[in-house]
$ cat target_6.txt   # compact mmCIF, C-alpha atoms and all ligand atoms
# COMPACT_ATOMS: atom_id res chain seq x y z
CA MET A 1408 -26.12 51.75 -4.98
CA GLY A 1409 -25.24 52.04 -1.32
CA ALA A 1410 -26.63 48.81 0.03
CA ALA A 1411 -24.83 47.74 3.18
CA PHE A 1412 -26.16 44.24 3.22
CA SER A 1413 -24.30 41.94 0.93
CA MET A 1414 -24.95 38.92 -1.16
CA SER A 1415 -23.60 35.54 -0.41
CA ALA A 1416 -23.05 32.63 -2.71
CA CYS A 1417 -23.34 30.08 0.07
CA SER A 1418 -26.85 28.76 -0.21
CA HIS A 1419 -28.68 28.06 3.01
CA GLY A 1420 -25.74 29.13 5.13
CA ASN A 1421 -27.83 30.95 7.68
CA GLY A 1422 -27.09 28.57 10.48
CA ASP A 1423 -23.82 29.97 11.64
CA PRO A 1424 -23.66 30.17 15.40
CA ALA A 1425 -22.49 33.77 15.39
CA PRO A 1426 -23.16 36.60 13.01
CA ARG A 1427 -20.40 37.57 10.66
CA GLU A 1428 -18.94 40.92 10.02
CA GLU A 1429 -21.03 43.19 7.87
CA ILE A 1430 -19.51 43.42 4.42
CA ALA A 1431 -20.57 45.97 1.85
CA PRO A 1432 -21.32 44.37 -1.49
CA ASP A 1433 -18.83 44.69 -4.27
CA ILE A 1434 -21.30 45.28 -7.04
CA THR A 1435 -18.61 45.12 -9.72
CA GLU A 1436 -18.16 41.43 -9.00
CA ASN A 1437 -21.85 40.72 -9.26
CA THR A 1438 -22.02 39.89 -12.95
CA ASP A 1439 -25.23 38.08 -13.64
CA THR A 1440 -24.25 35.38 -16.09
CA ASP A 1441 -27.57 33.60 -16.48
CA LYS A 1442 -27.32 31.41 -19.49
CA ASP A 1443 -29.66 33.30 -21.77
CA SER A 1444 -28.38 36.76 -21.01
CA THR A 1445 -25.98 38.43 -23.39
CA PRO A 1446 -22.75 40.01 -22.08
CA GLN A 1447 -24.39 43.34 -22.80
CA ASP A 1448 -27.37 42.37 -20.65
CA SER A 1449 -25.06 41.40 -17.80
CA MET A 1450 -23.32 44.72 -17.94
CA LYS A 1451 -26.63 46.50 -17.79
CA THR A 1452 -27.83 44.47 -14.85
CA ASP A 1453 -24.68 44.85 -12.74
CA THR A 1454 -26.71 46.99 -10.39
CA SER A 1455 -28.52 43.88 -9.19
CA ILE A 1456 -27.78 43.41 -5.51
CA PHE A 1457 -28.50 39.70 -5.55
CA PRO A 1458 -26.14 36.93 -6.74
CA LEU A 1459 -28.76 35.50 -9.06
CA SER A 1460 -26.34 33.59 -11.23
CA GLU A 1461 -25.50 31.47 -8.19
CA GLY A 1462 -29.07 30.29 -7.63
CA VAL A 1463 -30.29 27.04 -9.10
CA ASN A 1464 -33.88 25.97 -9.39
CA GLY A 1465 -34.92 24.53 -6.05
CA GLN A 1466 -32.14 26.29 -4.18
CA ALA A 1467 -32.29 30.05 -3.74
CA PRO A 1468 -29.14 32.02 -2.94
CA THR A 1469 -28.84 33.93 0.30
CA ILE A 1470 -27.99 37.54 1.07
CA ARG A 1471 -25.95 38.57 4.05
CA LEU A 1472 -28.07 40.79 6.26
CA ASN A 1473 -26.67 43.76 8.16
CA SER A 1474 -26.82 41.56 11.28
CA GLY A 1475 -24.24 39.23 9.71
CA TYR A 1476 -26.69 36.36 9.20
CA ASP A 1477 -27.64 35.00 5.79
CA MET A 1478 -31.22 34.93 4.52
CA PRO A 1479 -32.57 33.07 1.46
CA ILE A 1480 -34.05 35.43 -1.13
CA VAL A 1481 -37.05 33.18 -1.83
CA GLY A 1482 -39.26 32.01 1.02
CA LEU A 1483 -42.69 30.54 1.67
CA GLY A 1484 -45.41 32.89 2.91
CA THR A 1485 -47.91 31.26 5.26
CA TYR A 1486 -50.66 33.87 5.60
CA SER A 1487 -54.04 32.10 5.66
CA LEU A 1488 -52.50 28.62 5.96
CA THR A 1489 -53.80 26.94 9.09
CA GLY A 1490 -53.90 23.55 10.79
CA GLU A 1491 -52.62 20.50 8.93
CA VAL A 1492 -52.61 22.45 5.65
CA CYS A 1493 -50.01 24.74 7.17
CA VAL A 1494 -47.89 21.91 8.62
CA ASN A 1495 -47.97 20.06 5.30
CA SER A 1496 -47.23 23.21 3.28
CA VAL A 1497 -44.17 23.97 5.39
CA LYS A 1498 -42.94 20.38 5.10
CA ALA A 1499 -43.59 20.32 1.34
CA ALA A 1500 -41.78 23.63 0.83
CA LEU A 1501 -38.77 22.50 2.84
CA GLY A 1502 -38.75 19.21 0.90
CA ILE A 1503 -38.76 21.14 -2.40
CA GLY A 1504 -35.80 23.26 -1.29
CA PHE A 1505 -37.25 26.36 0.39
CA ARG A 1506 -35.17 27.40 3.39
CA LYS A 1507 -37.10 30.47 4.51
CA ILE A 1508 -40.58 30.43 6.08
CA ASP A 1509 -42.54 33.59 6.90
CA THR A 1510 -45.21 33.56 9.62
CA ALA A 1511 -46.73 35.98 12.14
CA HIS A 1512 -48.68 35.99 15.39
CA MET A 1513 -51.59 37.42 13.38
CA TYR A 1514 -51.72 34.36 11.06
CA GLY A 1515 -52.48 32.12 14.05
CA ASN A 1516 -50.18 29.41 12.70
CA GLU A 1517 -46.86 29.70 14.54
CA VAL A 1518 -47.47 26.34 16.25
CA GLU A 1519 -48.05 24.66 12.88
CA VAL A 1520 -45.08 26.39 11.24
CA GLY A 1521 -42.88 25.20 14.11
CA ARG A 1522 -44.21 21.66 13.74
CA GLY A 1523 -43.56 21.72 10.00
CA VAL A 1524 -39.99 22.84 10.61
CA ARG A 1525 -39.37 20.17 13.28
CA GLU A 1526 -40.98 17.38 11.27
CA SER A 1527 -39.35 18.30 7.96
CA GLY A 1528 -36.13 16.39 8.52
CA VAL A 1529 -34.16 19.49 7.45
CA PRO A 1530 -31.66 20.59 10.12
CA ARG A 1531 -33.00 23.54 12.10
CA GLU A 1532 -29.87 25.60 11.46
CA ASP A 1533 -30.43 25.36 7.68
CA ILE A 1534 -33.86 26.99 7.95
CA PHE A 1535 -34.60 30.70 8.32
CA VAL A 1536 -37.86 31.40 10.15
CA ALA A 1537 -39.35 34.88 10.36
CA THR A 1538 -42.30 35.89 12.53
CA LYS A 1539 -43.97 39.16 13.52
CA ILE A 1540 -45.65 40.65 16.53
CA TYR A 1541 -48.84 42.64 16.01
CA PRO A 1542 -49.61 46.24 17.07
CA ASN A 1543 -52.14 45.11 19.68
CA GLN A 1544 -49.25 43.30 21.38
CA TYR A 1545 -46.81 46.24 21.48
CA SER A 1546 -47.86 47.46 24.93
CA ASP A 1547 -46.71 44.17 26.50
CA PRO A 1548 -43.94 43.13 24.13
CA ASP A 1549 -42.15 40.66 26.41
CA LYS A 1550 -45.32 38.61 26.65
CA ALA A 1551 -45.75 38.75 22.85
CA ILE A 1552 -42.15 37.75 22.13
CA GLU A 1553 -42.21 34.90 24.66
CA GLU A 1554 -45.44 33.67 23.11
CA CYS A 1555 -43.89 33.59 19.60
CA ILE A 1556 -40.83 31.73 20.84
CA ARG A 1557 -42.95 29.24 22.78
CA LYS A 1558 -45.39 28.60 19.95
CA LEU A 1559 -42.72 28.14 17.29
CA ASP A 1560 -40.70 25.88 19.61
CA ILE A 1561 -37.66 25.79 17.33
CA GLY A 1562 -35.08 27.25 19.72
CA TYR A 1563 -34.18 30.67 18.36
CA VAL A 1564 -36.11 32.88 15.94
CA ASP A 1565 -34.10 33.96 12.88
CA LEU A 1566 -36.01 37.19 12.28
CA MET A 1567 -38.72 38.98 14.24
CA LEU A 1568 -40.54 41.94 12.74
CA LEU A 1569 -42.98 44.55 13.90
CA HIS A 1570 -46.03 43.84 11.75
CA HIS A 1571 -47.00 47.50 11.27
CA PRO A 1572 -46.15 50.89 12.72
CA GLY A 1573 -48.34 51.64 15.75
CA ALA A 1574 -48.47 52.95 19.30
CA ASN A 1575 -45.55 51.60 21.33
CA ASP A 1576 -43.71 50.24 18.29
CA VAL A 1577 -40.38 51.61 19.54
CA LYS A 1578 -41.02 50.09 22.96
CA ALA A 1579 -41.78 46.74 21.31
CA TYR A 1580 -38.69 46.90 19.12
CA LYS A 1581 -36.51 47.73 22.12
CA ALA A 1582 -37.87 44.65 23.85
CA MET A 1583 -36.95 42.60 20.78
CA GLU A 1584 -33.42 44.09 20.96
CA LYS A 1585 -33.10 42.61 24.44
CA TYR A 1586 -33.91 39.16 23.06
CA VAL A 1587 -31.27 39.60 20.34
CA LYS A 1588 -28.71 40.26 23.05
CA GLU A 1589 -29.86 37.07 24.82
CA GLY A 1590 -29.47 35.06 21.58
CA LYS A 1591 -33.16 34.13 21.37
CA ILE A 1592 -33.74 36.21 18.24
CA ARG A 1593 -31.03 36.68 15.60
CA SER A 1594 -32.20 39.62 13.49
CA LEU A 1595 -34.89 42.27 13.67
CA GLY A 1596 -37.07 43.89 11.04
CA VAL A 1597 -40.19 45.92 10.46
CA SER A 1598 -43.11 45.70 8.08
CA CYS A 1599 -45.29 48.30 6.38
CA TYR A 1600 -42.77 51.07 7.06
CA TYR A 1601 -42.38 53.54 4.22
CA ILE A 1602 -39.90 56.42 3.78
CA ASP A 1603 -40.98 58.68 6.66
CA GLU A 1604 -41.77 55.79 8.96
CA ILE A 1605 -38.40 54.11 8.54
CA ASP A 1606 -36.40 57.35 8.69
CA ASN A 1607 -38.09 58.42 11.93
CA PHE A 1608 -37.79 54.96 13.41
CA LEU A 1609 -34.06 54.44 12.82
CA ASP A 1610 -33.06 57.32 15.12
CA LYS A 1611 -34.95 55.75 18.01
CA VAL A 1612 -33.53 52.22 18.02
CA ASP A 1613 -30.12 50.69 18.64
CA ILE A 1614 -30.15 47.65 16.34
CA LYS A 1615 -30.74 48.47 12.70
CA PRO A 1616 -33.56 46.46 11.11
CA VAL A 1617 -32.22 43.93 8.60
CA SER A 1618 -35.32 44.06 6.44
CA VAL A 1619 -38.52 45.91 5.73
CA GLN A 1620 -41.40 43.77 4.49
CA ASN A 1621 -43.83 45.80 2.37
CA GLU A 1622 -46.53 45.26 -0.21
CA VAL A 1623 -44.79 45.01 -3.59
CA HIS A 1624 -46.17 43.60 -6.87
CA PRO A 1625 -46.33 44.84 -10.46
CA TYR A 1626 -49.45 46.91 -9.73
CA TYR A 1627 -47.89 48.42 -6.58
CA GLN A 1628 -44.17 48.76 -7.06
CA ASP A 1629 -43.12 51.23 -4.37
CA LEU A 1630 -40.70 52.81 -6.82
CA ASP A 1631 -39.38 55.42 -4.36
CA VAL A 1632 -39.58 53.35 -1.21
CA VAL A 1633 -37.67 50.26 -2.37
CA PRO A 1634 -34.42 52.05 -3.36
CA HIS A 1635 -34.64 54.30 -0.30
CA ILE A 1636 -34.76 51.34 2.07
CA GLN A 1637 -32.03 49.50 0.14
CA SER A 1638 -29.82 52.60 0.32
CA LEU A 1639 -29.99 52.33 4.11
CA GLY A 1640 -28.43 48.85 3.97
CA ILE A 1641 -31.78 47.25 4.75
CA ALA A 1642 -33.23 44.46 2.59
CA VAL A 1643 -36.70 44.87 1.09
CA GLU A 1644 -39.09 41.91 1.09
CA ALA A 1645 -42.27 41.80 -0.97
CA TRP A 1646 -45.51 40.72 0.61
CA TYR A 1647 -48.39 39.95 -1.75
CA PRO A 1648 -45.78 39.37 -4.48
CA LEU A 1649 -48.47 37.77 -6.66
CA GLY A 1650 -51.01 40.44 -5.78
CA GLY A 1651 -52.43 38.67 -2.74
CA ARG A 1652 -55.21 36.13 -2.46
CA GLY A 1653 -58.25 37.33 -4.41
CA HIS A 1654 -56.16 39.64 -6.59
CA GLN A 1655 -53.68 37.22 -8.09
CA LYS A 1656 -56.10 36.13 -10.81
CA GLU A 1657 -56.02 39.53 -12.50
CA LEU A 1658 -52.27 39.94 -12.09
CA LEU A 1659 -51.48 36.45 -13.33
CA SER A 1660 -53.48 37.08 -16.50
CA ASP A 1661 -52.06 40.52 -17.26
CA PRO A 1662 -51.42 40.50 -21.05
CA VAL A 1663 -47.94 42.06 -20.79
CA LEU A 1664 -46.86 39.52 -18.19
CA VAL A 1665 -48.45 36.67 -20.13
CA GLU A 1666 -46.52 37.67 -23.25
CA ILE A 1667 -43.19 37.92 -21.40
CA ALA A 1668 -43.84 34.59 -19.69
CA ARG A 1669 -44.60 32.92 -23.00
CA ARG A 1670 -41.36 34.26 -24.45
CA HIS A 1671 -39.37 32.57 -21.70
CA GLY A 1672 -41.46 29.41 -21.45
CA LYS A 1673 -42.23 30.34 -17.84
CA SER A 1674 -45.38 31.04 -15.85
CA VAL A 1675 -46.49 34.59 -15.06
CA ALA A 1676 -45.83 33.91 -11.35
CA GLN A 1677 -42.23 33.02 -12.20
CA VAL A 1678 -41.81 36.19 -14.26
CA ILE A 1679 -43.12 38.35 -11.40
CA LEU A 1680 -40.87 36.69 -8.82
CA ARG A 1681 -37.84 36.96 -11.09
CA TRP A 1682 -38.63 40.66 -11.68
CA ASP A 1683 -38.57 41.18 -7.91
CA LEU A 1684 -35.24 39.42 -7.53
CA GLN A 1685 -33.70 41.40 -10.41
CA ARG A 1686 -34.61 44.62 -8.58
CA GLY A 1687 -33.14 43.27 -5.36
CA VAL A 1688 -36.42 42.47 -3.62
CA VAL A 1689 -36.78 39.27 -1.56
CA VAL A 1690 -39.96 37.25 -2.26
CA ILE A 1691 -42.17 35.16 0.01
CA PRO A 1692 -45.02 33.89 -2.19
CA GLY A 1693 -47.75 32.12 -0.25
CA SER A 1694 -48.88 28.69 -1.36
CA SER A 1695 -50.27 25.41 -0.14
CA ASN A 1696 -49.82 23.81 -3.56
CA PRO A 1697 -46.51 21.95 -3.99
CA SER A 1698 -46.48 22.39 -7.76
CA HIS A 1699 -46.86 26.16 -7.33
CA MET A 1700 -44.10 26.09 -4.71
CA GLU A 1701 -41.83 24.26 -7.13
CA GLU A 1702 -42.54 26.89 -9.78
CA ASN A 1703 -41.91 29.70 -7.36
CA ILE A 1704 -38.41 28.51 -6.52
CA SER A 1705 -37.53 27.62 -10.13
CA ILE A 1706 -36.63 31.11 -11.29
CA PHE A 1707 -32.88 30.83 -11.70
CA ASP A 1708 -32.67 29.58 -15.27
CA PHE A 1709 -33.89 32.65 -17.13
CA HIS A 1710 -33.21 36.34 -17.19
CA LEU A 1711 -35.49 39.30 -17.88
CA SER A 1712 -33.95 41.85 -20.25
CA ASP A 1713 -33.83 45.53 -19.41
CA GLU A 1714 -36.63 46.05 -21.92
CA GLU A 1715 -38.79 43.44 -20.14
CA MET A 1716 -37.99 44.95 -16.74
CA ALA A 1717 -39.08 48.35 -18.09
CA ARG A 1718 -42.29 46.92 -19.52
CA ILE A 1719 -43.15 45.43 -16.13
CA GLU A 1720 -42.30 48.73 -14.42
CA SER A 1721 -44.78 50.44 -16.75
CA LEU A 1722 -47.58 48.27 -15.28
CA ASN A 1723 -47.35 50.14 -11.96
CA ARG A 1724 -50.73 51.57 -10.93
CA ASN A 1725 -49.91 52.47 -7.33
CA GLU A 1726 -52.75 50.09 -6.57
CA LYS A 1727 -52.51 48.77 -3.05
CA HIS A 1728 -54.31 45.51 -2.34
CA ASP A 1729 -54.36 46.01 1.41
CA TRP A 1730 -54.70 49.07 3.57
CA TYR A 1731 -51.45 49.14 5.55
N1 LIG B 1 -46.11 41.93 6.58
C1 LIG B 1 -47.37 42.01 6.18
O1 LIG B 1 -48.10 42.92 6.55
C2 LIG B 1 -47.90 40.95 5.28
C3 LIG B 1 -49.16 41.10 4.69
C4 LIG B 1 -49.60 40.10 3.84
C5 LIG B 1 -48.82 39.00 3.57
N2 LIG B 1 -47.59 38.86 4.18
C6 LIG B 1 -46.71 37.69 3.90
O2 LIG B 1 -46.50 37.63 2.50
C7 LIG B 1 -46.82 36.32 2.04
C8 LIG B 1 -47.29 36.37 0.62
O3 LIG B 1 -48.57 36.96 0.52
P1 LIG B 1 -49.89 36.11 0.23
O4 LIG B 1 -49.61 34.69 0.48
O5 LIG B 1 -50.97 36.73 1.01
O6 LIG B 1 -50.17 36.43 -1.29
P2 LIG B 1 -49.38 36.09 -2.65
O7 LIG B 1 -48.11 35.37 -2.35
O8 LIG B 1 -49.32 37.31 -3.47
O9 LIG B 1 -50.41 35.12 -3.36
C9 LIG B 1 -50.76 33.89 -2.82
C10 LIG B 1 -51.80 33.29 -3.75
O10 LIG B 1 -51.18 32.98 -4.99
C11 LIG B 1 -51.36 31.59 -5.30
N3 LIG B 1 -50.12 31.13 -5.91
C12 LIG B 1 -48.90 30.95 -5.32
N4 LIG B 1 -48.00 30.54 -6.22
C13 LIG B 1 -48.65 30.44 -7.39
C14 LIG B 1 -48.25 30.06 -8.69
N5 LIG B 1 -47.00 29.70 -8.97
N6 LIG B 1 -49.19 30.09 -9.68
C15 LIG B 1 -50.46 30.44 -9.43
N7 LIG B 1 -50.90 30.82 -8.21
C16 LIG B 1 -49.99 30.82 -7.20
C17 LIG B 1 -51.66 30.91 -3.99
O11 LIG B 1 -52.51 29.81 -4.19
P3 LIG B 1 -52.05 28.28 -3.96
O12 LIG B 1 -52.06 28.04 -2.48
O13 LIG B 1 -53.05 27.52 -4.73
O14 LIG B 1 -50.66 28.14 -4.55
C18 LIG B 1 -52.38 32.01 -3.22
O15 LIG B 1 -53.75 32.01 -3.53
C19 LIG B 1 -47.89 35.87 3.04
O16 LIG B 1 -48.13 34.47 2.96
C20 LIG B 1 -47.31 36.35 4.32
O17 LIG B 1 -46.32 35.45 4.78
C21 LIG B 1 -47.13 39.83 5.01

$ encode --input "target_6.txt" --output "structure tokens" --more "lines below"
Ligand SMILES: NC(=O)c1ccc[n+]([C@@H]2O[C@H](COP(=O)([O-])OP(=O)(O)OC[C@H]3O[C@@H](n4cnc5c(N)ncnc54)[C@H](OP(=O)(O)O)[C@@H]3O)[C@@H](O)[C@H]2O)c1
Amino acid sequence: MGAAFSMSACSHGNGDPAPREEIAPDITENTDTDKDSTPQDSMKTDTSIFPLSEGVNGQAPTIRLNSGYDMPIVGLGTYSLTGEVCVNSVKAALGIGFRKIDTAHMYGNEVEVGRGVRESGVPREDIFVATKIYPNQYSDPDKAIEECIRKLDIGYVDLMLLHHPGANDVKAYKAMEKYVKEGKIRSLGVSCYYIDEIDNFLDKVDIKPVSVQNEVHPYYQDLDVVPHIQSLGIAVEAWYPLGGRGHQKELLSDPVLVEIARRHGKSVAQVILRWDLQRGVVVIPGSSNPSHMEENISIFDFHLSDEEMARIESLNRNEKHDWY
């Protein structure tokens, strides 16, 4: 596994003033020793690129991105959260232990996410905030970037992504590179880029994206795309990890997942999120419900066996729940 981003045991250590040297992961040291895994299981899961044994419920570990900054591997998604619901969700998540929040210009809630961060009482430097600019903004990227920074009002942005490929995406990314050099954005990423899109894009930009955020859930697993992106030293993040609003009902009652969840005394949502982490995929489940949030970050006290991972892989239907 040629991942060039590495894992870090230091939880929530993304606030360093300067990025650290990129370090390739030493996979041989990454023995997952979760309490209910057998030594044989740990040997089989050595290919995990995340330090899962170092996570505790309520406190997700971080990975070191190729920019040198650390990013928590579990975050809160904020799509469709607006107004006070959004502010309160962000504050609740940060109170529960989340340290990554995902927003976007398109969600219309950067102001509320910023307020939630500022009002949370958690030091700014302990929180990792990602936002995205939208294709209809790519022709005037400086305006779009300034607008994100102004609306969030939290000083710097930890991660800014292009929301989708589109006309002028390279121009927009190059504008974001300028803001990295000025220290206003720390890391850059892209979203909805698959194998051809990312390969073509990398030749045209100077700063390598730290992450690609794509649709990933048990019914759409991106089995070729995920390892390809990881092999480039770029982290993969799952959007719609629970299938997306409107689809999660079917996914959360899938009989195979229900049976695995029952075996571990966990919810189906927890099994899905743990499956992502065990294949090295960062998760950002969306929620405005604090008890769901608590569940979603309490996935460090059980381990899915290789057989269970394979059973979940067999659920893949290549069924996208959104068009991009
Ligand atoms: N880059 C992109 O193009 C893109 C596209 C879509 C989404 N995203 C990002 O990805 C994030 C995740 O996607 P999403 O929020 O749309 O969908 P999702 O995370 O797959 O599902 C969210 C839904 O699941 C429910 N839920 C959350 N935790 C649960 C639990 N433990 N048990 C039962 N239900 C639970 C939520 O309801 P409750 O509120 O009741 O918990 C909500 O209805 C977004 O919020 C956004 O930040 C990015």

$ closest_residue --input "target_6.txt" --among "A:Ala1574, A:Val1481, A:Leu1501, A:Ala1642" --to "Gln1677 in chain A" --atoms "only C-alpha atoms"
A:Val1481

$ residues_near_point --input "target_6.txt" --point "(-55.5, 48.5, 0.3)" --cutoff "12 Å" --atoms "all atoms listed in the file" --output "list in words"
Cys1599, Glu1622, Val1623, Tyr1626, Tyr1627, Tyr1647, Gly1650, Gly1651, His1654, Asn1725, Glu1726, Lys1727, His1728, Asp1729, Trp1730 and Tyr1731 of chain A

$ closest_atom_pairs --input "target_6.txt" --of "chain A" --to "ligand LIG 1 (chain B)" --cutoff "8 Å" --atoms "only C-alpha atoms and all ligand atoms" --output "tab-separated table"
residue	atom	partner	partner_atom	distance
A:Leu1483	CA	B:LIG1	O16	6.8
A:Gly1484	CA	B:LIG1	O16	3.1
A:Thr1485	CA	B:LIG1	O16	4.0
A:Tyr1486	CA	B:LIG1	O16	3.7
A:Ser1487	CA	B:LIG1	O16	6.9
A:Leu1488	CA	B:LIG1	O16	7.9
A:Ile1508	CA	B:LIG1	O17	7.7
A:Asp1509	CA	B:LIG1	O17	4.7
A:Thr1510	CA	B:LIG1	O17	5.3
A:Ala1511	CA	B:LIG1	O17	7.4
A:Lys1539	CA	B:LIG1	N1	7.8
A:His1570	CA	B:LIG1	N1	5.5
A:His1571	CA	B:LIG1	O1	6.7
A:Ser1598	CA	B:LIG1	N1	5.0
A:Cys1599	CA	B:LIG1	O1	6.1
A:Gln1620	CA	B:LIG1	N1	5.5
A:Asn1621	CA	B:LIG1	N1	6.2
A:Glu1622	CA	B:LIG1	C3	6.9
A:His1624	CA	B:LIG1	O8	7.8
A:Ala1645	CA	B:LIG1	O2	6.9
A:Trp1646	CA	B:LIG1	O2	3.8
A:Tyr1647	CA	B:LIG1	O8	3.3
A:Pro1648	CA	B:LIG1	O8	4.2
A:Leu1649	CA	B:LIG1	O8	3.3
A:Gly1650	CA	B:LIG1	O8	4.2
A:Gly1651	CA	B:LIG1	O8	3.5
A:Arg1652	CA	B:LIG1	O15	4.5
A:Gly1653	CA	B:LIG1	O15	7.0
A:His1654	CA	B:LIG1	O8	7.9
A:Gln1655	CA	B:LIG1	O10	5.8
A:Lys1656	CA	B:LIG1	N7	7.9
A:Leu1659	CA	B:LIG1	C15	7.2
A:Ser1674	CA	B:LIG1	N5	7.2
A:Val1675	CA	B:LIG1	N6	7.5
A:Ala1676	CA	B:LIG1	N5	5.0
A:Gln1677	CA	B:LIG1	N5	6.6
A:Val1690	CA	B:LIG1	C8	7.9
A:Ile1691	CA	B:LIG1	C7	5.2
A:Pro1692	CA	B:LIG1	O7	3.4
A:Gly1693	CA	B:LIG1	O4	3.3
A:Ser1694	CA	B:LIG1	O12	3.4
A:Ser1695	CA	B:LIG1	O12	3.9
A:Asn1696	CA	B:LIG1	O14	4.5
A:Pro1697	CA	B:LIG1	O14	7.5
A:Ser1698	CA	B:LIG1	N5	7.4
A:His1699	CA	B:LIG1	N5	3.9
A:Met1700	CA	B:LIG1	N4	6.1
A:Glu1701	CA	B:LIG1	N5	7.7
A:Glu1702	CA	B:LIG1	N5	5.3
A:Asn1703	CA	B:LIG1	N5	5.3
A:Asp1729	CA	B:LIG1	C3	7.9
A:Tyr1731	CA	B:LIG1	O1	7.1

$ write_last_selection --input "target_6.txt" --atoms "C-alpha atoms" --output "PDB file, keeping the file's coordinate frame"
ATOM      1  CA  LEU A1483     -42.690  30.540   1.670  1.00  0.00           C
ATOM      2  CA  GLY A1484     -45.410  32.890   2.910  1.00  0.00           C
ATOM      3  CA  THR A1485     -47.910  31.260   5.260  1.00  0.00           C
ATOM      4  CA  TYR A1486     -50.660  33.870   5.600  1.00  0.00           C
ATOM      5  CA  SER A1487     -54.040  32.100   5.660  1.00  0.00           C
ATOM      6  CA  LEU A1488     -52.500  28.620   5.960  1.00  0.00           C
ATOM      7  CA  ILE A1508     -40.580  30.430   6.080  1.00  0.00           C
ATOM      8  CA  ASP A1509     -42.540  33.590   6.900  1.00  0.00           C
ATOM      9  CA  THR A1510     -45.210  33.560   9.620  1.00  0.00           C
ATOM     10  CA  ALA A1511     -46.730  35.980  12.140  1.00  0.00           C
ATOM     11  CA  LYS A1539     -43.970  39.160  13.520  1.00  0.00           C
ATOM     12  CA  HIS A1570     -46.030  43.840  11.750  1.00  0.00           C
ATOM     13  CA  HIS A1571     -47.000  47.500  11.270  1.00  0.00           C
ATOM     14  CA  SER A1598     -43.110  45.700   8.080  1.00  0.00           C
ATOM     15  CA  CYS A1599     -45.290  48.300   6.380  1.00  0.00           C
ATOM     16  CA  GLN A1620     -41.400  43.770   4.490  1.00  0.00           C
ATOM     17  CA  ASN A1621     -43.830  45.800   2.370  1.00  0.00           C
ATOM     18  CA  GLU A1622     -46.530  45.260  -0.210  1.00  0.00           C
ATOM     19  CA  HIS A1624     -46.170  43.600  -6.870  1.00  0.00           C
ATOM     20  CA  ALA A1645     -42.270  41.800  -0.970  1.00  0.00           C
ATOM     21  CA  TRP A1646     -45.510  40.720   0.610  1.00  0.00           C
ATOM     22  CA  TYR A1647     -48.390  39.950  -1.750  1.00  0.00           C
ATOM     23  CA  PRO A1648     -45.780  39.370  -4.480  1.00  0.00           C
ATOM     24  CA  LEU A1649     -48.470  37.770  -6.660  1.00  0.00           C
ATOM     25  CA  GLY A1650     -51.010  40.440  -5.780  1.00  0.00           C
ATOM     26  CA  GLY A1651     -52.430  38.670  -2.740  1.00  0.00           C
ATOM     27  CA  ARG A1652     -55.210  36.130  -2.460  1.00  0.00           C
ATOM     28  CA  GLY A1653     -58.250  37.330  -4.410  1.00  0.00           C
ATOM     29  CA  HIS A1654     -56.160  39.640  -6.590  1.00  0.00           C
ATOM     30  CA  GLN A1655     -53.680  37.220  -8.090  1.00  0.00           C
ATOM     31  CA  LYS A1656     -56.100  36.130 -10.810  1.00  0.00           C
ATOM     32  CA  LEU A1659     -51.480  36.450 -13.330  1.00  0.00           C
ATOM     33  CA  SER A1674     -45.380  31.040 -15.850  1.00  0.00           C
ATOM     34  CA  VAL A1675     -46.490  34.590 -15.060  1.00  0.00           C
ATOM     35  CA  ALA A1676     -45.830  33.910 -11.350  1.00  0.00           C
ATOM     36  CA  GLN A1677     -42.230  33.020 -12.200  1.00  0.00           C
ATOM     37  CA  VAL A1690     -39.960  37.250  -2.260  1.00  0.00           C
ATOM     38  CA  ILE A1691     -42.170  35.160   0.010  1.00  0.00           C
ATOM     39  CA  PRO A1692     -45.020  33.890  -2.190  1.00  0.00           C
ATOM     40  CA  GLY A1693     -47.750  32.120  -0.250  1.00  0.00           C
ATOM     41  CA  SER A1694     -48.880  28.690  -1.360  1.00  0.00           C
ATOM     42  CA  SER A1695     -50.270  25.410  -0.140  1.00  0.00           C
ATOM     43  CA  ASN A1696     -49.820  23.810  -3.560  1.00  0.00           C
ATOM     44  CA  PRO A1697     -46.510  21.950  -3.990  1.00  0.00           C
ATOM     45  CA  SER A1698     -46.480  22.390  -7.760  1.00  0.00           C
ATOM     46  CA  HIS A1699     -46.860  26.160  -7.330  1.00  0.00           C
ATOM     47  CA  MET A1700     -44.100  26.090  -4.710  1.00  0.00           C
ATOM     48  CA  GLU A1701     -41.830  24.260  -7.130  1.00  0.00           C
ATOM     49  CA  GLU A1702     -42.540  26.890  -9.780  1.00  0.00           C
ATOM     50  CA  ASN A1703     -41.910  29.700  -7.360  1.00  0.00           C
ATOM     51  CA  ASP A1729     -54.360  46.010   1.410  1.00  0.00           C
ATOM     52  CA  TYR A1731     -51.450  49.140   5.550  1.00  0.00           C
TER      53      TYR A1731
END

$ atom_distance --input "target_6.txt" --atom1 "CA of His1512 in chain A" --atom2 "CA of Lys1498 in chain A"
19.6 Å

$ residues_around --input "target_6.txt" --residues "Asn1464 in chain A" --least-positions-apart "2" --cutoff "8 Å" --atoms "all atoms listed in the file" --output "list of chain:residue names"
A:Gly1462, A:Gln1466, A:Ala1467, A:Ile1704, A:Ser1705, A:Ile1706, A:Phe1707, A:Asp1708

$ atom_distance --input "target_6.txt" --atom1 "CA of Arg1471 in chain A" --atom2 "CA of Val1689 in chain A"
12.2 Å

$ atom_distance --input "target_6.txt" --atom1 "CA of Val1492 in chain A" --atom2 "CA of Gly1515 in chain A"
12.8 Å

$ closest_residue --input "target_6.txt" --among "A:Pro1548, A:Pro1634, A:Pro1468, A:Gly1640" --to "Leu1609 in chain A" --atoms "all atoms listed in the file"
A:Gly1640
